[in-house]
>>> print(open('entry11.cif').read())   # mmCIF, C-alpha atoms
data_upload
loop_
_atom_site.label_atom_id
_atom_site.label_comp_id
_atom_site.auth_asym_id
_atom_site.auth_seq_id
_atom_site.Cartn_x
_atom_site.Cartn_y
_atom_site.Cartn_z
CA MET S 1398 -34.40 -26.45 50.58
CA THR S 1399 -32.67 -29.17 52.57
CA ILE S 1400 -33.88 -30.75 55.80
CA SER S 1401 -31.06 -29.15 57.78
CA ALA S 1402 -32.04 -25.72 56.44
CA CYS S 1403 -35.65 -26.26 57.55
CA MET S 1404 -34.53 -27.05 61.09
CA TYR S 1405 -34.10 -23.42 62.15
CA PRO S 1406 -37.54 -22.24 60.94
CA ALA S 1407 -39.01 -25.32 62.67
CA LEU S 1408 -37.33 -24.25 65.92
CA VAL S 1409 -38.81 -20.78 65.52
CA LEU S 1410 -42.29 -22.24 65.06
CA MET S 1411 -41.79 -24.47 68.09
CA LEU S 1412 -40.80 -21.43 70.15
CA ILE S 1413 -43.88 -19.52 68.96
CA VAL S 1414 -46.16 -22.44 69.80
CA SER S 1415 -44.58 -22.83 73.25
CA LEU S 1416 -44.90 -19.13 74.09
CA TYR S 1417 -48.45 -19.06 72.75
CA SER S 1418 -49.50 -22.12 74.76
CA VAL S 1419 -48.19 -20.80 78.07
CA TYR S 1420 -49.54 -17.31 77.41
CA VAL S 1421 -53.02 -18.59 76.61
CA VAL S 1422 -53.32 -21.43 79.14
CA ASN S 1423 -51.63 -19.77 82.12
CA ASN S 1424 -52.51 -16.15 81.46
CA LEU S 1425 -55.57 -15.66 79.26
CA LEU S 1426 -57.71 -18.62 80.34
CA PRO S 1427 -57.57 -17.68 84.07
CA GLN S 1428 -58.81 -14.24 83.07
CA VAL S 1429 -61.69 -15.78 81.10
CA VAL S 1430 -62.56 -17.93 84.13
CA ALA S 1431 -62.37 -14.86 86.37
CA VAL S 1432 -64.82 -12.96 84.18
CA GLU S 1433 -67.33 -15.80 84.01
CA SER S 1434 -66.95 -16.93 87.64
CA ASP S 1435 -68.99 -15.72 90.60
CA ASP S 1436 -65.96 -16.10 92.85
CA HIS S 1437 -64.40 -12.67 93.29
CA ASN S 1438 -61.21 -13.93 94.89
CA GLU S 1439 -59.37 -14.43 91.62
CA PHE S 1440 -56.00 -12.76 91.21
CA TYR S 1441 -57.18 -10.69 88.26
CA GLU S 1442 -60.72 -10.01 87.20
CA PRO S 1443 -60.79 -7.80 84.11
CA SER S 1444 -63.90 -6.52 82.43
CA ALA S 1445 -65.29 -8.47 79.51
CA GLU S 1446 -64.53 -5.57 77.14
CA GLU S 1447 -60.92 -5.39 78.27
CA LEU S 1448 -60.52 -9.14 77.85
CA TRP S 1449 -61.93 -9.09 74.32
CA ILE S 1450 -59.57 -6.24 73.39
CA VAL S 1451 -56.59 -8.20 74.72
CA LEU S 1452 -57.63 -11.32 72.84
CA SER S 1453 -58.29 -9.45 69.59
CA VAL S 1454 -55.10 -7.36 69.59
CA PHE S 1455 -52.89 -10.27 70.59
CA HIS S 1456 -54.19 -12.64 67.91
CA PHE S 1457 -54.03 -9.88 65.27
CA LEU S 1458 -50.37 -9.19 66.08
CA LEU S 1459 -49.60 -12.90 66.20
CA GLY S 1460 -51.32 -13.45 62.85
CA MET S 1461 -49.31 -10.65 61.23
CA LEU S 1462 -46.11 -12.08 62.74
CA LEU S 1463 -46.81 -15.51 61.30
CA LEU S 1464 -47.76 -14.01 57.92
CA CYS S 1465 -44.53 -12.00 57.71
CA PHE S 1466 -42.52 -15.01 58.87
CA THR S 1467 -44.07 -17.20 56.16
CA LEU S 1468 -43.52 -14.59 53.44
CA ALA S 1469 -39.92 -14.01 54.55
CA CYS S 1470 -39.29 -17.76 54.28
CA VAL S 1471 -40.86 -18.37 50.89
CA GLN S 1472 -40.41 -15.03 49.11
CA SER S 1473 -37.57 -14.75 46.64
CA PRO S 1474 -34.88 -12.33 47.85
CA GLY S 1475 -34.22 -11.23 44.28
CA TYR S 1476 -31.81 -12.65 41.74
CA ILE S 1477 -29.93 -11.21 38.78
CA PRO S 1478 -32.57 -10.75 36.03
CA LEU S 1479 -32.09 -12.90 32.95
CA ASP S 1480 -35.61 -12.93 31.53
CA HIS S 1481 -34.98 -10.54 28.64
CA GLU S 1482 -32.32 -10.51 25.97
CA GLU S 1483 -31.07 -7.11 27.11
CA ASP S 1484 -30.54 -8.47 30.62
CA GLN S 1485 -28.72 -11.51 29.26
CA GLN S 1486 -26.44 -9.29 27.18
CA ARG S 1487 -25.72 -7.13 30.21
CA TRP S 1488 -25.20 -9.67 33.00
CA MET S 1489 -24.07 -12.76 31.06
CA HIS S 1490 -21.86 -11.14 28.43
CA GLY S 1491 -20.76 -8.08 30.39
CA LEU S 1492 -22.11 -5.39 28.04
CA ILE S 1493 -22.75 -3.10 31.01
CA GLY S 1494 -20.72 -0.15 29.85
CA ARG S 1495 -21.38 -0.59 26.14
CA ARG S 1496 -21.78 3.13 25.56
CA LEU S 1497 -18.21 3.79 26.76
CA SER S 1498 -15.44 4.03 24.21
CA SER S 1499 -12.29 1.99 24.67
CA ASN S 1500 -10.35 5.12 25.70
CA ASP S 1501 -12.97 6.08 28.31
CA GLU S 1502 -13.05 2.52 29.61
CA THR S 1503 -9.27 2.49 30.00
CA LYS S 1504 -9.34 5.88 31.69
CA MET S 1505 -12.06 4.72 34.09
CA ARG S 1506 -10.04 1.63 35.08
CA ASN S 1507 -6.92 3.70 35.66
CA ILE S 1508 -8.78 6.13 37.91
CA ILE S 1509 -10.22 3.32 40.01
CA SER S 1510 -7.07 1.21 40.27
CA ASP S 1511 -4.63 4.05 40.96
CA PRO S 1512 -4.65 4.93 44.71
CA ASN S 1513 -2.84 8.23 43.98
CA THR S 1514 -5.62 9.57 41.79
CA ASP S 1515 -6.69 13.09 42.77
CA LEU S 1516 -10.45 12.77 43.04
CA LYS S 1517 -10.72 16.53 43.61
CA ASP S 1518 -9.43 17.24 40.12
CA PRO S 1519 -12.26 19.07 38.27
CA ALA S 1520 -11.51 17.19 35.05
CA ILE S 1521 -11.81 13.82 36.78
CA ILE S 1522 -14.99 14.89 38.57
CA GLN S 1523 -16.55 16.01 35.29
CA PHE S 1524 -15.52 12.73 33.63
CA LEU S 1525 -16.97 10.57 36.42
CA ARG S 1526 -20.25 12.50 36.45
CA ALA S 1527 -20.77 11.64 32.80
CA MET S 1528 -20.29 7.90 33.40
CA GLY S 1529 -22.96 5.38 34.29
CA ILE S 1530 -23.02 4.53 37.98
CA VAL S 1531 -22.04 0.87 38.02
CA GLU S 1532 -19.92 -0.58 40.80
CA ARG S 1533 -16.48 -1.75 39.79
CA LYS S 1534 -13.60 -3.56 41.41
CA ARG S 1535 -11.03 -1.37 43.07
CA ARG S 1536 -8.24 -3.39 41.52
CA PHE S 1537 -7.92 -2.81 37.74
CA GLY S 1538 -11.39 -1.18 37.63
CA TYR S 1539 -13.21 -4.08 35.98
CA HIS S 1540 -16.91 -4.77 36.48
CA ARG S 1541 -17.68 -7.13 39.33
CA HIS S 1542 -18.06 -10.71 38.14
CA CYS S 1543 -19.18 -13.86 39.99
CA SER S 1544 -17.03 -16.80 38.96
CA THR S 1545 -19.49 -19.27 40.53
CA CYS S 1546 -22.60 -18.08 38.70
CA SER S 1547 -20.63 -16.84 35.66
CA LEU S 1548 -22.55 -13.58 35.77
CA TYR S 1549 -21.64 -9.93 36.08
CA LYS S 1550 -23.02 -8.50 39.31
CA PRO S 1551 -25.17 -5.36 39.63
CA ASP S 1552 -24.45 -2.88 42.41
CA ARG S 1553 -24.73 -4.25 45.97
CA THR S 1554 -25.14 -7.80 44.65
CA HIS S 1555 -23.29 -10.58 46.48
CA HIS S 1556 -23.03 -14.32 46.09
CA CYS S 1557 -24.56 -16.39 48.88
CA ARG S 1558 -22.67 -19.60 49.58
CA VAL S 1559 -25.73 -21.11 51.27
CA CYS S 1560 -28.28 -20.33 48.55
CA LYS S 1561 -25.57 -20.77 45.88
CA ARG S 1562 -26.88 -17.79 43.91
CA CYS S 1563 -26.16 -14.09 43.56
CA ILE S 1564 -28.62 -12.01 45.59
CA LEU S 1565 -29.66 -8.48 44.59
CA ARG S 1566 -28.93 -5.95 47.34
CA MET S 1567 -28.00 -8.78 49.67
CA ASP S 1568 -28.17 -7.88 53.36
CA HIS S 1569 -27.39 -11.25 54.95
CA HIS S 1570 -28.41 -14.88 54.93
CA CYS S 1571 -30.78 -15.53 57.83
CA PRO S 1572 -30.81 -19.19 58.93
CA TRP S 1573 -33.96 -18.61 61.03
CA ILE S 1574 -36.01 -18.06 57.88
CA ALA S 1575 -33.79 -20.35 55.75
CA ASN S 1576 -33.55 -17.58 53.17
CA CYS S 1577 -31.47 -14.62 52.16
CA VAL S 1578 -32.61 -11.08 52.95
CA GLY S 1579 -32.35 -9.12 49.75
CA PHE S 1580 -34.04 -6.66 47.42
CA ASN S 1581 -37.45 -8.34 47.22
CA ASN S 1582 -38.02 -9.49 50.81
CA TYR S 1583 -36.16 -6.84 52.81
CA LYS S 1584 -39.40 -5.00 53.59
CA THR S 1585 -41.02 -8.25 54.72
CA PHE S 1586 -38.04 -8.96 56.97
CA LEU S 1587 -38.30 -5.54 58.61
CA LEU S 1588 -42.04 -6.03 59.12
CA LEU S 1589 -41.26 -9.38 60.73
CA LEU S 1590 -38.96 -7.63 63.21
CA ILE S 1591 -41.54 -4.93 63.91
CA TYR S 1592 -44.44 -7.33 64.51
CA THR S 1593 -42.23 -9.55 66.67
CA ILE S 1594 -41.37 -6.56 68.87
CA LEU S 1595 -45.01 -5.44 69.03
CA THR S 1596 -46.24 -8.95 69.90
CA THR S 1597 -43.70 -9.59 72.65
CA THR S 1598 -44.17 -6.09 74.07
CA PHE S 1599 -47.93 -6.61 74.19
CA MET S 1600 -47.41 -9.97 75.90
CA ILE S 1601 -45.16 -8.35 78.51
CA GLY S 1602 -47.75 -5.68 79.27
CA SER S 1603 -50.69 -8.08 79.45
CA MET S 1604 -48.77 -10.53 81.66
CA MET S 1605 -47.62 -7.95 84.20
CA ARG S 1606 -50.41 -8.58 86.71
CA ARG S 1607 -50.01 -12.32 86.32
CA VAL S 1608 -46.30 -12.05 87.12
CA LEU S 1609 -47.02 -9.91 90.19
CA TYR S 1610 -49.51 -12.52 91.35
CA VAL S 1611 -46.77 -15.17 91.14
CA PHE S 1612 -44.67 -13.36 93.74
CA ARG S 1613 -47.67 -12.54 95.92
CA ARG S 1614 -48.78 -16.14 96.04
CA ALA S 1615 -45.21 -17.33 96.71
CA ASN S 1616 -45.13 -15.18 99.86
CA SER S 1617 -48.62 -16.14 101.06
CA THR S 1618 -49.60 -18.84 103.54
CA ASP S 1619 -51.60 -20.87 100.99
CA PHE S 1620 -48.53 -21.49 98.84
CA GLN S 1621 -48.73 -24.73 96.85
CA SER S 1622 -45.53 -26.00 95.31
CA TYR S 1623 -47.30 -28.03 92.58
CA SER S 1624 -49.26 -25.08 91.17
CA PHE S 1625 -46.21 -22.86 91.52
CA PHE S 1626 -43.98 -25.08 89.37
CA VAL S 1627 -46.72 -26.07 86.89
CA GLU S 1628 -48.53 -22.73 86.48
CA ASP S 1629 -46.27 -19.95 87.72
CA ILE S 1630 -42.75 -20.95 86.66
CA PRO S 1631 -43.74 -21.26 82.94
CA VAL S 1632 -45.23 -17.77 83.15
CA LEU S 1633 -41.97 -16.37 84.51
CA ILE S 1634 -39.99 -18.16 81.79
CA VAL S 1635 -42.24 -16.80 79.03
CA PHE S 1636 -42.13 -13.33 80.57
CA GLY S 1637 -38.32 -13.35 80.65
CA THR S 1638 -38.12 -14.76 77.13
CA CYS S 1639 -40.37 -11.99 75.81
CA ILE S 1640 -38.19 -9.35 77.46
CA PHE S 1641 -35.06 -10.86 75.91
CA ILE S 1642 -36.65 -11.08 72.44
CA THR S 1643 -37.95 -7.50 72.66
CA VAL S 1644 -34.56 -6.06 73.63
CA ALA S 1645 -32.59 -8.13 71.10
CA PHE S 1646 -34.95 -7.45 68.18
CA SER S 1647 -35.19 -3.75 69.06
CA MET S 1648 -31.41 -3.43 68.87
CA PHE S 1649 -31.36 -5.34 65.58
CA LEU S 1650 -34.17 -3.20 64.13
CA SER S 1651 -32.52 0.05 65.24
CA PHE S 1652 -29.32 -1.07 63.50
CA HIS S 1653 -31.18 -1.67 60.23
CA ILE S 1654 -33.00 1.66 60.50
CA LYS S 1655 -29.72 3.48 61.14
CA VAL S 1656 -28.04 1.79 58.17
CA ASN S 1657 -30.94 2.60 55.82
CA VAL S 1658 -31.16 6.21 56.99
CA LEU S 1659 -27.43 6.72 56.44
CA TYR S 1660 -27.68 5.05 53.02
CA CYS S 1661 -30.58 7.31 51.97
CA VAL S 1662 -28.78 10.41 53.25
CA ASN S 1663 -25.60 9.51 51.35
CA CYS S 1664 -27.58 8.86 48.16
CA HIS S 1665 -29.34 12.20 48.59
CA VAL S 1666 -26.01 13.98 49.04
CA LEU S 1667 -24.59 12.31 45.92
CA VAL S 1668 -27.64 13.39 43.88
CA LEU S 1669 -27.34 16.97 45.13
CA ARG S 1670 -23.62 17.04 44.34
CA LYS S 1671 -24.26 15.73 40.86
#
>>> encode(input="entry11.cif", output="structure tokens")
Amino acid sequence: MTISACMYPALVLMLIVSLYSVYVVNNLLPQVVAVESDDHNEFYEPSAEELWIVLSVFHFLLGMLLLCFTLACVQSPGYIPLDHEEDQQRWMHGLIGRRLSSNDETKMRNIISDPNTDLKDPAIIQFLRAMGIVERKRRFGYHRHCSTCSLYKPDRTHHCRVCKRCILRMDHHCPWIANCVGFNNYKTFLLLLIYTILTTTFMIGSMMRRVLYVFRRANSTDFQSYSFFVEDIPVLIVFGTCIFITVAFSMFLSFHIKVNVLYCVNCHVLVLRK
């Protein structure tokens, strides 16, 4: 991994540290002081039990977020297997359809490459059902081959120009984790999105009273510009940032859920048809 590739994950960690610092110093610590102080004029004076729950839940969610982020960065997305001789014969030498005769192979290529093929023909349907399900090129009907890696590609495998390797079930290359999202770490990536949404949503809810206090103090007679810019403005910035992250990641997560649901439904329909 190059230094330039590590820059984006470093920016993510810097953002997490910045949000955490403002959230703890300007939001949680005043609540701790309010609980332990005899002065009852604080803006927010929660019970000790409520404060401990907030602290525990927040740090649990943050810990899971950091764990998923670390795993998504270091976990292998999944590469074309070459550990066994059978895999080498299949993906290096192209013996994917070895059980097909030369006539069946030629017929398969003609069906795929000819745009005028009647796919509703019962004879063609029966022939295709008997074949192994391996993705082929539309043109000429050959098996998909990566000229860079010199390997035949399994279904839904794509070559990543950044990682310079073929990735199994490649979704996309994410620069923020400096890694591809593929077969092995796709679950970790989704968990990272989920825990990010949960953490920022929890921060928004637990900062609501603090944000209301900012506007109340701005309209009061004892307004102090120094404390407003040093204590209150960072809270508003973190609050707005959390809202933006929650909305953006929720849209991104809903897109992935929709794509996976449609993929599972289509696979189920194909199995039922077969």
>>> closest_residue(input="entry11.cif", among="S:Phe1641, S:Tyr1592, S:Phe1599, S:Phe1649", to="Leu1464 (chain S)", atoms="all atoms listed in the file")
S:Tyr1592
>>> residues_around(input="entry11.cif", residues="region 1556-1558 of chain S", least_positions_apart="5", cutoff="8 Å", atoms="only C-alpha atoms", output="VMD selection string")
chain S and resid 1543 1563 to 1564 1570 1577
>>> atom_distance(input="entry11.cif", atom1="CA of Leu1587 (chain S)", atom2="CA of Tyr1476 (chain S)")
19.4 Å
>>> atom_distance(input="entry11.cif", atom1="CA of Val1578 (chain S)", atom2="CA of Tyr1549 (chain S)")
20.2 Å
>>> atom_distance(input="entry11.cif", atom1="CA of Pro1406 (chain S)", atom2="CA of Ile1640 (chain S)")
21.0 Å
>>> resolve_selection(input="entry11.cif", expression="the PyMOL selection byres ((chain S and resi 1588) around 12)", output="VMD selection string")
chain S and resid 1458 1461 to 1469 1582 to 1587 1589 to 1596 1646 1650 1653 to 1654
>>> residues_around(input="entry11.cif", residues="Thr1554 (chain S)", least_positions_apart="2", cutoff="6 Å", atoms="all atoms listed in the file", output="VMD selection string")
chain S and resid 1550 to 1552 1564 to 1567
>>> closest_residue(input="entry11.cif", among="S:Leu1412, S:Ile1508, S:Leu1548, S:Met1600", to="Leu1479 (chain S)", atoms="all atoms listed in the file")
S:Leu1548
>>> closest_residue(input="entry11.cif", among="S:Ile1477, S:Ile1522, S:Leu1410, S:Cys1403", to="Phe1580 (chain S)", atoms="all atoms listed in the file")
S:Ile1477
>>> closest_residue(input="entry11.cif", among="S:Asp1511, S:Leu1609, S:Cys1470, S:Glu1628", to="Tyr1405 (chain S)", atoms="all atoms listed in the file")
S:Cys1470
>>> residues_around(input="entry11.cif", residues="region 1630-1636 of chain S", least_positions_apart="4", cutoff="10 Å", atoms="only C-alpha atoms", output="PyMOL selection string")
chain S and resi 1415-1420+1422-1424+1597-1598+1600-1602+1604-1605+1607-1609+1611+1624-1626+1640-1641
>>> closest_residue(input="entry11.cif", among="S:Val1644, S:Ala1575, S:Asn1657, S:Ser1651", to="Gln1472 (chain S)", atoms="only C-alpha atoms")
S:Ala1575
>>> axis_aligned_box(input="entry11.cif", around="region 1587-1606 of chain S", padding_each_side="6 Å", output="AutoDock Vina command-line options")
--center_x -44.5 --center_y -7.7 --center_z 72.7 --size_x 24.4 --size_y 17.6 --size_z 40.1
